[in-house]
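Asker: Sending over input-v5.cif (mmCIF, C-alpha atoms).
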data_my_file
loop_
_atom_site.label_atom_id
_atom_site.label_comp_id
_atom_site.auth_asym_id
_atom_site.auth_seq_id
_atom_site.Cartn_x
_atom_site.Cartn_y
_atom_site.Cartn_z
CA MET A 1 -1.28 101.39 62.48
CA PRO A 2 -1.12 99.22 59.37
CA ARG A 3 -2.00 100.83 56.14
CA LYS A 4 -5.40 99.98 54.75
CA LYS A 5 -5.36 98.48 51.26
CA SER A 6 -6.93 100.54 48.60
CA GLU A 7 -9.86 99.18 46.55
CA THR A 8 -7.58 98.92 43.53
CA GLU A 9 -5.06 96.79 45.39
CA GLU A 10 -7.83 94.45 46.72
CA THR A 11 -9.24 93.84 43.27
CA GLN A 12 -5.84 93.17 41.69
CA ILE A 13 -5.19 89.37 41.17
CA ASN A 14 -1.82 87.75 41.08
CA PRO A 15 -1.27 86.02 37.67
CA GLU A 16 0.45 83.03 39.33
CA GLU A 17 -2.52 82.51 41.62
CA LEU A 18 -4.88 82.69 38.62
CA LEU A 19 -2.93 79.96 36.73
CA LEU A 20 -2.87 77.71 39.80
CA ASN A 21 -6.59 78.16 40.30
CA LYS A 22 -7.29 77.25 36.67
CA GLU A 23 -5.19 74.07 36.92
CA THR A 24 -6.95 73.15 40.14
CA GLU A 25 -10.35 73.65 38.50
CA LYS A 26 -9.35 71.31 35.61
CA GLN A 27 -8.02 68.56 37.92
CA PRO A 28 -10.80 66.00 38.57
CA GLU A 29 -11.28 64.84 42.06
CA GLY A 30 -12.29 61.59 43.78
CA GLU A 31 -14.29 59.07 41.62
CA GLU A 32 -13.74 60.99 38.39
CA LEU A 33 -9.97 60.78 38.82
CA GLU A 34 -10.20 57.08 39.57
CA LYS A 35 -12.33 56.41 36.48
CA GLU A 36 -10.00 58.36 34.28
CA ALA A 37 -6.97 56.47 35.63
CA GLN A 38 -8.74 53.15 35.15
CA ALA A 39 -9.76 54.02 31.61
CA GLU A 40 -6.19 54.94 30.84
CA SER A 41 -4.94 51.57 32.14
CA LEU A 42 -7.66 49.66 30.26
CA ASP A 43 -6.82 51.43 27.04
CA ALA A 44 -3.19 50.43 27.47
CA LEU A 45 -4.25 46.84 28.20
CA GLU A 46 -6.49 46.66 25.12
CA GLU A 47 -3.67 48.02 23.02
CA LYS A 48 -1.37 45.33 24.42
CA LYS A 49 -3.99 42.65 23.75
CA LEU A 50 -4.36 43.82 20.16
CA GLU A 51 -0.61 43.64 19.71
CA GLY A 52 -0.65 40.08 21.12
CA ILE A 53 -3.50 39.03 18.81
CA LYS A 54 -1.69 40.52 15.84
CA ALA A 55 1.50 38.64 16.72
CA GLU A 56 -0.49 35.42 17.18
CA LEU A 57 -2.17 35.82 13.78
CA ILE A 58 1.20 36.42 12.14
CA GLU A 59 2.56 33.25 13.77
CA LYS A 60 -0.48 31.22 12.64
CA ALA A 61 -0.08 32.50 9.09
CA LYS A 62 3.58 31.50 9.17
CA LYS A 63 2.73 27.98 10.37
CA LEU A 64 0.01 27.67 7.73
CA ARG A 65 2.49 28.60 5.00
CA GLU A 66 4.94 26.03 6.35
CA LYS A 67 2.19 23.37 6.42
CA ILE A 68 1.11 24.08 2.85
CA SER A 69 4.73 24.00 1.76
CA GLY A 70 5.19 20.73 3.68
CA GLU A 71 2.14 19.14 2.01
CA GLU A 72 3.48 20.08 -1.39
CA GLY A 73 6.77 18.52 -0.39
CA THR A 74 4.98 15.36 0.80
CA GLU A 75 3.18 14.99 -2.53
CA GLU A 76 6.46 15.41 -4.35
CA LEU A 77 8.07 12.84 -2.04
CA LYS A 78 5.21 10.40 -2.70
CA LYS A 79 5.74 10.76 -6.44
CA LYS A 80 9.46 10.13 -6.05
CA ILE A 81 8.81 7.05 -3.89
CA THR A 82 6.31 5.69 -6.45
CA ILE A 83 8.82 6.19 -9.28
CA LYS A 84 11.55 4.56 -7.17
CA LYS A 85 9.33 1.58 -6.36
CA ARG A 86 8.46 1.07 -10.01
CA THR A 87 12.06 1.20 -11.09
CA ASP A 88 12.85 -1.39 -8.40
CA MET A 89 10.14 -3.83 -9.58
CA LEU A 90 11.13 -7.38 -10.50
CA ILE A 91 10.21 -6.55 -14.09
CA PRO A 92 9.13 -3.23 -15.61
CA LEU A 93 5.53 -2.20 -14.98
CA GLU A 94 4.90 -2.31 -18.73
CA ASP A 95 5.64 -6.05 -18.74
CA TYR A 96 3.20 -6.67 -15.90
CA ILE A 97 0.57 -4.80 -17.90
CA ARG A 98 1.46 -6.63 -21.12
CA SER A 99 1.04 -10.02 -19.46
CA GLY A 100 -2.42 -9.21 -18.07
CA ILE A 101 -1.34 -10.40 -14.62
CA TYR A 102 -3.31 -7.55 -13.04
CA ILE A 103 -6.69 -8.64 -14.48
CA GLY A 104 -8.82 -10.53 -11.98
CA THR A 105 -12.31 -12.01 -12.22
CA ARG A 106 -15.79 -10.67 -11.56
CA VAL A 107 -15.87 -12.53 -8.26
CA VAL A 108 -13.79 -11.15 -5.40
CA THR A 109 -13.51 -13.20 -2.20
CA PRO A 110 -13.27 -11.35 1.15
CA GLN A 111 -9.64 -12.44 1.63
CA MET A 112 -8.59 -11.08 -1.77
CA ARG A 113 -10.42 -7.75 -1.58
CA GLN A 114 -7.42 -6.08 0.06
CA PHE A 115 -5.35 -6.60 -3.11
CA VAL A 116 -7.94 -5.16 -5.52
CA TYR A 117 -7.32 -1.65 -6.82
CA ARG A 118 -10.60 -1.09 -8.68
CA ARG A 119 -13.15 -2.63 -11.04
CA ARG A 120 -13.28 -2.13 -14.78
CA ALA A 121 -16.45 -1.08 -16.60
CA ASP A 122 -17.04 -4.74 -17.55
CA GLY A 123 -16.99 -5.77 -13.87
CA LEU A 124 -13.57 -7.42 -13.81
CA ALA A 125 -11.54 -6.67 -10.68
CA ILE A 126 -8.08 -5.14 -11.15
CA PHE A 127 -5.14 -6.05 -8.93
CA ASN A 128 -2.78 -3.42 -7.54
CA THR A 129 0.46 -3.98 -9.50
CA ASP A 130 2.62 -2.80 -6.59
CA LEU A 131 1.09 -5.53 -4.43
CA ILE A 132 1.57 -8.12 -7.20
CA ASP A 133 5.28 -7.31 -7.25
CA GLU A 134 5.48 -7.31 -3.45
CA LYS A 135 3.82 -10.73 -3.15
CA LEU A 136 6.07 -12.19 -5.84
CA ARG A 137 9.10 -10.99 -3.90
CA GLU A 138 7.72 -12.62 -0.75
CA GLY A 139 7.02 -15.78 -2.75
CA ILE A 140 10.59 -15.96 -4.02
CA GLU A 141 11.95 -15.49 -0.50
CA PHE A 142 9.60 -18.14 0.88
CA LEU A 143 10.42 -20.60 -1.90
CA SER A 144 14.15 -20.23 -1.33
CA HIS A 145 13.83 -21.69 2.17
CA PHE A 146 13.19 -25.14 0.66
CA ASP A 147 15.29 -27.48 -1.45
CA ALA A 148 14.05 -28.37 -4.92
CA LYS A 149 13.74 -32.06 -3.98
CA ASP A 150 11.23 -31.17 -1.25
CA ILE A 151 8.91 -29.11 -3.45
CA ILE A 152 6.16 -30.06 -5.89
CA LEU A 153 4.22 -27.79 -8.24
CA VAL A 154 0.68 -28.71 -9.29
CA CYS A 155 -0.96 -27.00 -12.27
CA LYS A 156 -4.01 -28.63 -13.87
CA ARG A 157 -4.89 -25.54 -15.89
CA PRO A 158 -3.69 -26.04 -19.50
CA ALA A 159 -2.74 -22.37 -19.79
CA GLY A 160 0.12 -22.97 -17.37
CA TRP A 161 1.46 -26.34 -18.58
CA LYS A 162 4.21 -25.09 -20.87
CA ALA A 163 5.56 -22.55 -18.37
CA ALA A 164 5.27 -25.05 -15.48
CA GLU A 165 7.32 -27.66 -17.34
CA LYS A 166 10.00 -25.11 -18.16
CA PHE A 167 9.96 -24.02 -14.51
CA SER A 168 10.60 -27.66 -13.50
CA GLU A 169 13.39 -28.03 -16.05
CA ILE A 170 15.18 -24.91 -14.72
CA THR A 171 14.74 -25.39 -10.98
CA GLY A 172 14.61 -29.19 -10.62
CA ILE A 173 11.27 -28.92 -8.80
CA ARG A 174 8.87 -31.80 -9.48
CA VAL A 175 5.77 -30.75 -11.44
CA PHE A 176 2.34 -32.34 -11.97
CA THR A 177 0.37 -30.79 -14.83
CA LYS A 178 -2.29 -32.83 -16.63
CA LYS A 179 -3.06 -35.06 -13.67
CA TYR A 180 -2.23 -35.11 -10.00
CA PRO A 181 -2.01 -38.75 -8.76
CA ALA A 182 -4.34 -38.97 -5.77
CA GLY A 183 -2.78 -40.14 -2.53
CA ILE A 184 0.89 -39.75 -3.45
CA LEU A 185 1.38 -37.39 -0.51
CA THR A 186 -0.83 -39.24 1.98
CA ASN A 187 -0.68 -42.98 1.27
CA SER A 188 2.75 -44.43 2.08
CA GLN A 189 1.68 -47.81 0.65
CA LEU A 190 1.57 -46.44 -2.90
CA PRO A 191 4.67 -47.14 -5.02
CA ASN A 192 4.79 -43.48 -6.11
CA PHE A 193 4.38 -42.11 -2.56
CA PHE A 194 6.25 -38.85 -2.16
CA GLU A 195 6.95 -36.97 1.04
CA ASN A 196 7.38 -33.28 0.35
CA GLU A 197 7.75 -30.12 2.44
CA LEU A 198 6.07 -27.60 0.15
CA THR A 199 3.32 -27.74 -2.46
CA ILE A 200 2.84 -24.92 -4.96
CA VAL A 201 -0.81 -24.76 -6.04
CA CYS A 202 -1.73 -22.71 -9.11
CA ASP A 203 -5.49 -22.56 -8.51
CA SER A 204 -7.22 -23.75 -5.35
CA TRP A 205 -10.33 -24.73 -7.32
CA LEU A 206 -8.66 -26.86 -10.00
CA ASP A 207 -5.83 -28.18 -7.82
CA ARG A 208 -7.98 -28.86 -4.75
CA ASN A 209 -6.94 -32.54 -4.51
CA ALA A 210 -3.27 -31.62 -4.11
CA LEU A 211 -4.26 -28.79 -1.78
CA ASN A 212 -6.34 -31.07 0.45
CA ASP A 213 -3.66 -33.79 0.51
CA THR A 214 -1.00 -31.26 1.54
CA MET A 215 -3.21 -29.86 4.28
CA ARG A 216 -3.91 -33.40 5.48
CA VAL A 217 -0.21 -34.14 5.99
CA ASN A 218 0.32 -30.69 7.48
CA LYS A 219 2.91 -29.44 4.98
CA LYS A 220 3.49 -25.91 3.70
CA ILE A 221 1.50 -24.48 0.80
CA MET A 222 2.28 -21.63 -1.58
CA MET A 223 -0.73 -20.65 -3.63
CA VAL A 224 -1.20 -18.53 -6.74
CA CYS A 225 -4.42 -16.64 -5.98
CA ASP A 226 -6.73 -14.84 -8.36
CA THR A 227 -9.48 -12.57 -7.02
CA ASN A 228 -11.90 -15.54 -6.91
CA ASN A 229 -9.71 -17.81 -4.76
CA PHE A 230 -9.90 -18.55 -1.07
CA PRO A 231 -6.30 -18.78 0.23
CA LYS A 232 -7.33 -21.19 2.98
CA GLY A 233 -4.39 -23.26 4.25
CA ALA A 234 -1.79 -21.20 2.37
CA SER A 235 1.43 -20.32 4.16
CA GLN A 236 2.32 -17.88 1.38
CA ILE A 237 0.34 -16.48 -1.51
CA VAL A 238 1.30 -14.97 -4.85
CA ILE A 239 -1.44 -12.82 -6.34
CA GLY A 240 -2.34 -12.40 -9.99
CA ASN A 241 -4.31 -13.73 -12.93
CA ASN A 242 -3.96 -17.55 -12.78
CA LYS A 243 -6.03 -18.25 -15.90
CA SER A 244 -3.89 -16.67 -18.63
CA PRO A 245 -0.82 -18.30 -20.27
CA LYS A 246 1.02 -14.96 -20.30
CA SER A 247 0.27 -14.21 -16.67
CA LEU A 248 1.21 -17.69 -15.43
CA GLY A 249 4.30 -17.49 -17.63
CA VAL A 250 5.41 -14.29 -15.88
CA ILE A 251 4.77 -15.81 -12.44
CA PHE A 252 6.76 -19.00 -13.22
CA TYR A 253 9.52 -16.98 -14.86
CA LEU A 254 10.00 -14.73 -11.83
CA LEU A 255 9.78 -17.61 -9.34
CA ALA A 256 12.30 -19.66 -11.35
CA ARG A 257 14.68 -16.73 -11.77
CA GLY A 258 14.42 -15.73 -8.12
CA PHE A 259 14.83 -19.31 -6.86
CA CYS A 260 17.96 -19.83 -8.97
CA GLU A 261 19.45 -16.53 -7.80
CA LYS A 262 18.82 -17.35 -4.14
CA LYS A 263 20.18 -20.88 -4.49
CA LYS A 264 23.05 -19.73 -6.71
CA ILE A 265 22.03 -22.13 -9.48
CA GLU A 266 23.72 -21.27 -12.77
CA VAL A 267 21.32 -22.08 -15.58
CA ASN A 268 20.15 -20.46 -18.80
CA ILE A 269 16.65 -19.02 -18.32
CA PRO A 270 14.70 -17.99 -21.46
CA GLU A 271 13.93 -14.30 -21.78
CA LEU A 272 10.59 -13.05 -20.53
CA ASP A 273 9.04 -12.94 -24.01
CA TRP A 274 9.39 -16.72 -24.30
CA TRP A 275 7.20 -17.17 -21.21
CA MET A 276 4.42 -15.04 -22.68
CA ILE A 277 3.78 -17.02 -25.88
CA GLU A 278 0.25 -18.43 -26.11
CA GLU A 279 1.00 -21.15 -28.69
CA LEU A 280 0.27 -23.92 -26.17
CA GLU A 281 -3.49 -23.32 -26.46
CA GLU A 282 -3.46 -24.83 -29.98
CA GLN A 283 -1.93 -28.08 -28.65
CA ILE A 284 -4.63 -28.77 -26.04
CA THR A 285 -7.40 -31.20 -26.97
CA PRO A 286 -11.04 -30.39 -26.04
CA GLU A 287 -11.07 -33.40 -23.66
CA GLU A 288 -7.99 -32.13 -21.80
CA ARG A 289 -9.45 -28.66 -21.58
CA MET A 290 -12.72 -30.04 -20.19
CA ARG A 291 -10.92 -32.10 -17.54
CA ALA A 292 -8.82 -29.12 -16.53
CA ARG A 293 -11.90 -26.92 -16.08
CA GLU A 294 -13.65 -29.45 -13.89
CA GLY A 295 -14.39 -27.91 -10.53
CA ALA A 296 -13.51 -24.34 -11.51
CA LYS A 297 -17.04 -23.21 -10.67
CA PHE A 298 -16.00 -19.65 -9.84
CA GLY A 299 -13.66 -19.16 -12.79
CA VAL A 300 -14.05 -16.58 -15.53
#
Go ahead and express the file in the form of structure tokens.
Answerer:
Amino acid sequence: MPRKKSETEETQINPEELLLNKETEKQPEGEELEKEAQAESLDALEEKKLEGIKAELIEKAKKLREKISGEEGTEELKKKITIKKRTDMLIPLEDYIRSGIYIGTRVVTPQMRQFVYRRRADGLAIFNTDLIDEKLREGIEFLSHFDAKDIILVCKRPAGWKAAEKFSEITGIRVFTKKYPAGILTNSQLPNFFENELTIVCDSWLDRNALNDTMRVNKKIMMVCDTNNFPKGASQIVIGNNKSPKSLGVIFYLLARGFCEKKKIEVNIPELDWWMIEELEEQITPEERMRAREGAKFGV
């Protein structure tokens, strides 16, 4: 017969069994285990998301720094371009300022508004000097497409007479100052009839007869436009103050110099200072001044 276990032997517990039982008690079962596993996975996912967000923020900060650095570089580039443009001007900016070519009138027509930089405290409009230089360059290029014999310049404003006559002397272009003979471009029966290809008009208000005649015969027009002019009918415009001797002197000087360079005409051209002398005003009689102002209803 098998030996019966003693009470002491029955109550004695194996240490290995005790440890296994404790581990089994700690181990969750069913839903609890599933929740714990899910929580563990979610925690890992959140940690990964946070790492992704952190990396994304770092990348955005990097791009922002690059953008700020790029904007600073752009501003610096703009300054360099402005300096370059001003050094490449037909004449130094200081000479444009000295001549008053940038000073417009109190009236600004819709077509000329695009060239105005600002208004002064006294209401006078101010031209953008970069655009003045640009339009003068275009004017020189346009003028060079014609021969001197096919061009006429009309300037009834006394302030431009001296410079206009010198312009004619240098380039060989025919000039009408004190009076434009009506019909010389339209009436072939007149003994002084003249068939041209281009008319340069210094002010569309004062020189409207020449302007209208040129439009009637369908020829090209280059017009010097102040802020109060309507460039109607013009094939090319030059912008600037067309009421000042200094300003008109600068315009005629640059057109004459540019025309001679393009046509390879070797001639002595007076220095810029000569074109900005206002002595002509003393030689104009009151009657001549009154006739020249006739029709300039929008002038300043």
Asker: Apply the PyMOL selection byres ((chain A and resi 123) around 10) to the structure shown and report the selected residues as number ranges by chain.
Answerer: A: 104-107, 118-122, 124-126
Asker: State, in Å with one decimal place, the distance from CA of Phe127 in chain A to CA of Tyr102 in chain A.
Answerer: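 According to the coordinates, CA of Phe127 in chain A and CA of Tyr102 in chain A are separated by 4.7 Å.
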Asker: Could you expand the PyMOL selection byres ((chain A and resi 274-278) around 8) into the explicit residues it covers here, written as a PyMOL selection string?
Answerer: chain A and resi 99+163+245-247+249-250+253+270-273+279-281
Asker: Put those residues in a file: C-alpha atoms, as a PDB file, keeping the file's coordinate frame.
Answerer:
ATOM      1  CA  SER A  99       1.040 -10.020 -19.460  1.00  0.00           C
ATOM      2  CA  ALA A 163       5.560 -22.550 -18.370  1.00  0.00           C
ATOM      3  CA  PRO A 245      -0.820 -18.300 -20.270  1.00  0.00           C
ATOM      4  CA  LYS A 246       1.020 -14.960 -20.300  1.00  0.00           C
ATOM      5  CA  SER A 247       0.270 -14.210 -16.670  1.00  0.00           C
ATOM      6  CA  GLY A 249       4.300 -17.490 -17.630  1.00  0.00           C
ATOM      7  CA  VAL A 250       5.410 -14.290 -15.880  1.00  0.00           C
ATOM      8  CA  TYR A 253       9.520 -16.980 -14.860  1.00  0.00           C
ATOM      9  CA  PRO A 270      14.700 -17.990 -21.460  1.00  0.00           C
ATOM     10  CA  GLU A 271      13.930 -14.300 -21.780  1.00  0.00           C
ATOM     11  CA  LEU A 272      10.590 -13.050 -20.530  1.00  0.00           C
ATOM     12  CA  ASP A 273       9.040 -12.940 -24.010  1.00  0.00           C
ATOM     13  CA  GLU A 279       1.000 -21.150 -28.690  1.00  0.00           C
ATOM     14  CA  LEU A 280       0.270 -23.920 -26.170  1.00  0.00           C
ATOM     15  CA  GLU A 281      -3.490 -23.320 -26.460  1.00  0.00           C
TER      16      GLU A 281
END
Asker: For Leu153 in chain A, find every residue with an atom within 9 Å (counting only C-alpha atoms), except residues of its own chain fewer than 5 positions away, and show them as a PyMOL selection string.
Answerer: chain A and resi 164+168+173-177+198-202
Asker: When you count only C-alpha atoms, which of these residues is closest to Leu254 in chain A: A:Ile53, A:Ile132, A:Ile140, A:Val267?
Answerer: A:Ile140
Asker: Rounded to one decimal in Å, what is the spacing between CA of Pro191 in chain A and CA of Trp205 in chain A?
Answerer: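 It comes out at 27.1 Å.
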Asker: Provide the CA of Asn209 in chain A to CA of Arg137 in chain A distance in Å, to one decimal place.
Answerer: 26.9 Å
Asker: Selected by the PyMOL selection byres ((chain A and resi 110-113) around 8) in the shown coordinates: which residues, as a ChimeraX atom specification?
Answerer: /A:108-109,114-116,226-231
Asker: With C-alpha atoms retained, export the selected residues as a compact mmCIF listing (two decimals), in the frame of the given file.
Answerer:
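again.txt, written as the output of this step:
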# COMPACT_ATOMS: atom_id res chain seq x y z
CA VAL A 108 -13.79 -11.15 -5.40
CA THR A 109 -13.51 -13.20 -2.20
CA GLN A 114 -7.42 -6.08 0.06
CA PHE A 115 -5.35 -6.60 -3.11
CA VAL A 116 -7.94 -5.16 -5.52
CA ASP A 226 -6.73 -14.84 -8.36
CA THR A 227 -9.48 -12.57 -7.02
CA ASN A 228 -11.90 -15.54 -6.91
CA ASN A 229 -9.71 -17.81 -4.76
CA PHE A 230 -9.90 -18.55 -1.07
CA PRO A 231 -6.30 -18.78 0.23
Asker: For each of A:Lys166, A:Arg157, A:Ile103, A:Glu195, take the minimum atom-to-atom distance to Lys178 in chain A, counting all atoms listed in the file, then give the residue where this is smallest.
Answerer: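 The shortest atom-to-atom distance to Lys178 in chain A comes from A:Arg157.
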Asker: Ranking A:Gly52, A:Gly233, A:Gly258, A:Gly160 by minimum distance to Leu90 in chain A and counting only C-alpha atoms, which one comes first?
Answerer: A:Gly258
Asker: Just want the 9 Å neighbourhood of Ala256 in chain A, counted on all atoms listed in the file, with same-chain residues fewer than 3 positions away dropped. Output as a compact mmCIF listing (two decimals) with C-alpha atoms, in the coordinates of the input.
Answerer:
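Once everything was written out, this is part-v1.txt:
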# COMPACT_ATOMS: atom_id res chain seq x y z
CA ILE A 140 10.59 -15.96 -4.02
CA PHE A 167 9.96 -24.02 -14.51
CA SER A 168 10.60 -27.66 -13.50
CA ILE A 170 15.18 -24.91 -14.72
CA THR A 171 14.74 -25.39 -10.98
CA ILE A 251 4.77 -15.81 -12.44
CA PHE A 252 6.76 -19.00 -13.22
CA TYR A 253 9.52 -16.98 -14.86
CA PHE A 259 14.83 -19.31 -6.86
CA CYS A 260 17.96 -19.83 -8.97
CA GLU A 261 19.45 -16.53 -7.80
CA ILE A 269 16.65 -19.02 -18.32
Asker: With only C-alpha atoms as the atoms that count, which of A:Gly100, A:Asn196, A:Asn242, A:Leu190 lies nearest to Asp147 in chain A?
Answerer: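 Result for the nearest residue to Asp147 in chain A: A:Asn196.
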Asker: Restricting the calculation to all atoms listed in the file: of A:Leu131, A:Ile152, A:Ala159, A:Leu136, which residue gets closest to Ser244 in chain A?
Answerer: A:Ala159
Asker: If we count all atoms listed in the file and set the cut-off at 9 Å, which residues sit around Glu138 in chain A, ignoring sequence neighbours fewer than 5 positions away in its own chain? Please answer as a list in words.
Answerer: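 Here the qualifying residues turn out to be Asp133, Leu143, Gln236, Ile237 and Val238 of chain A.
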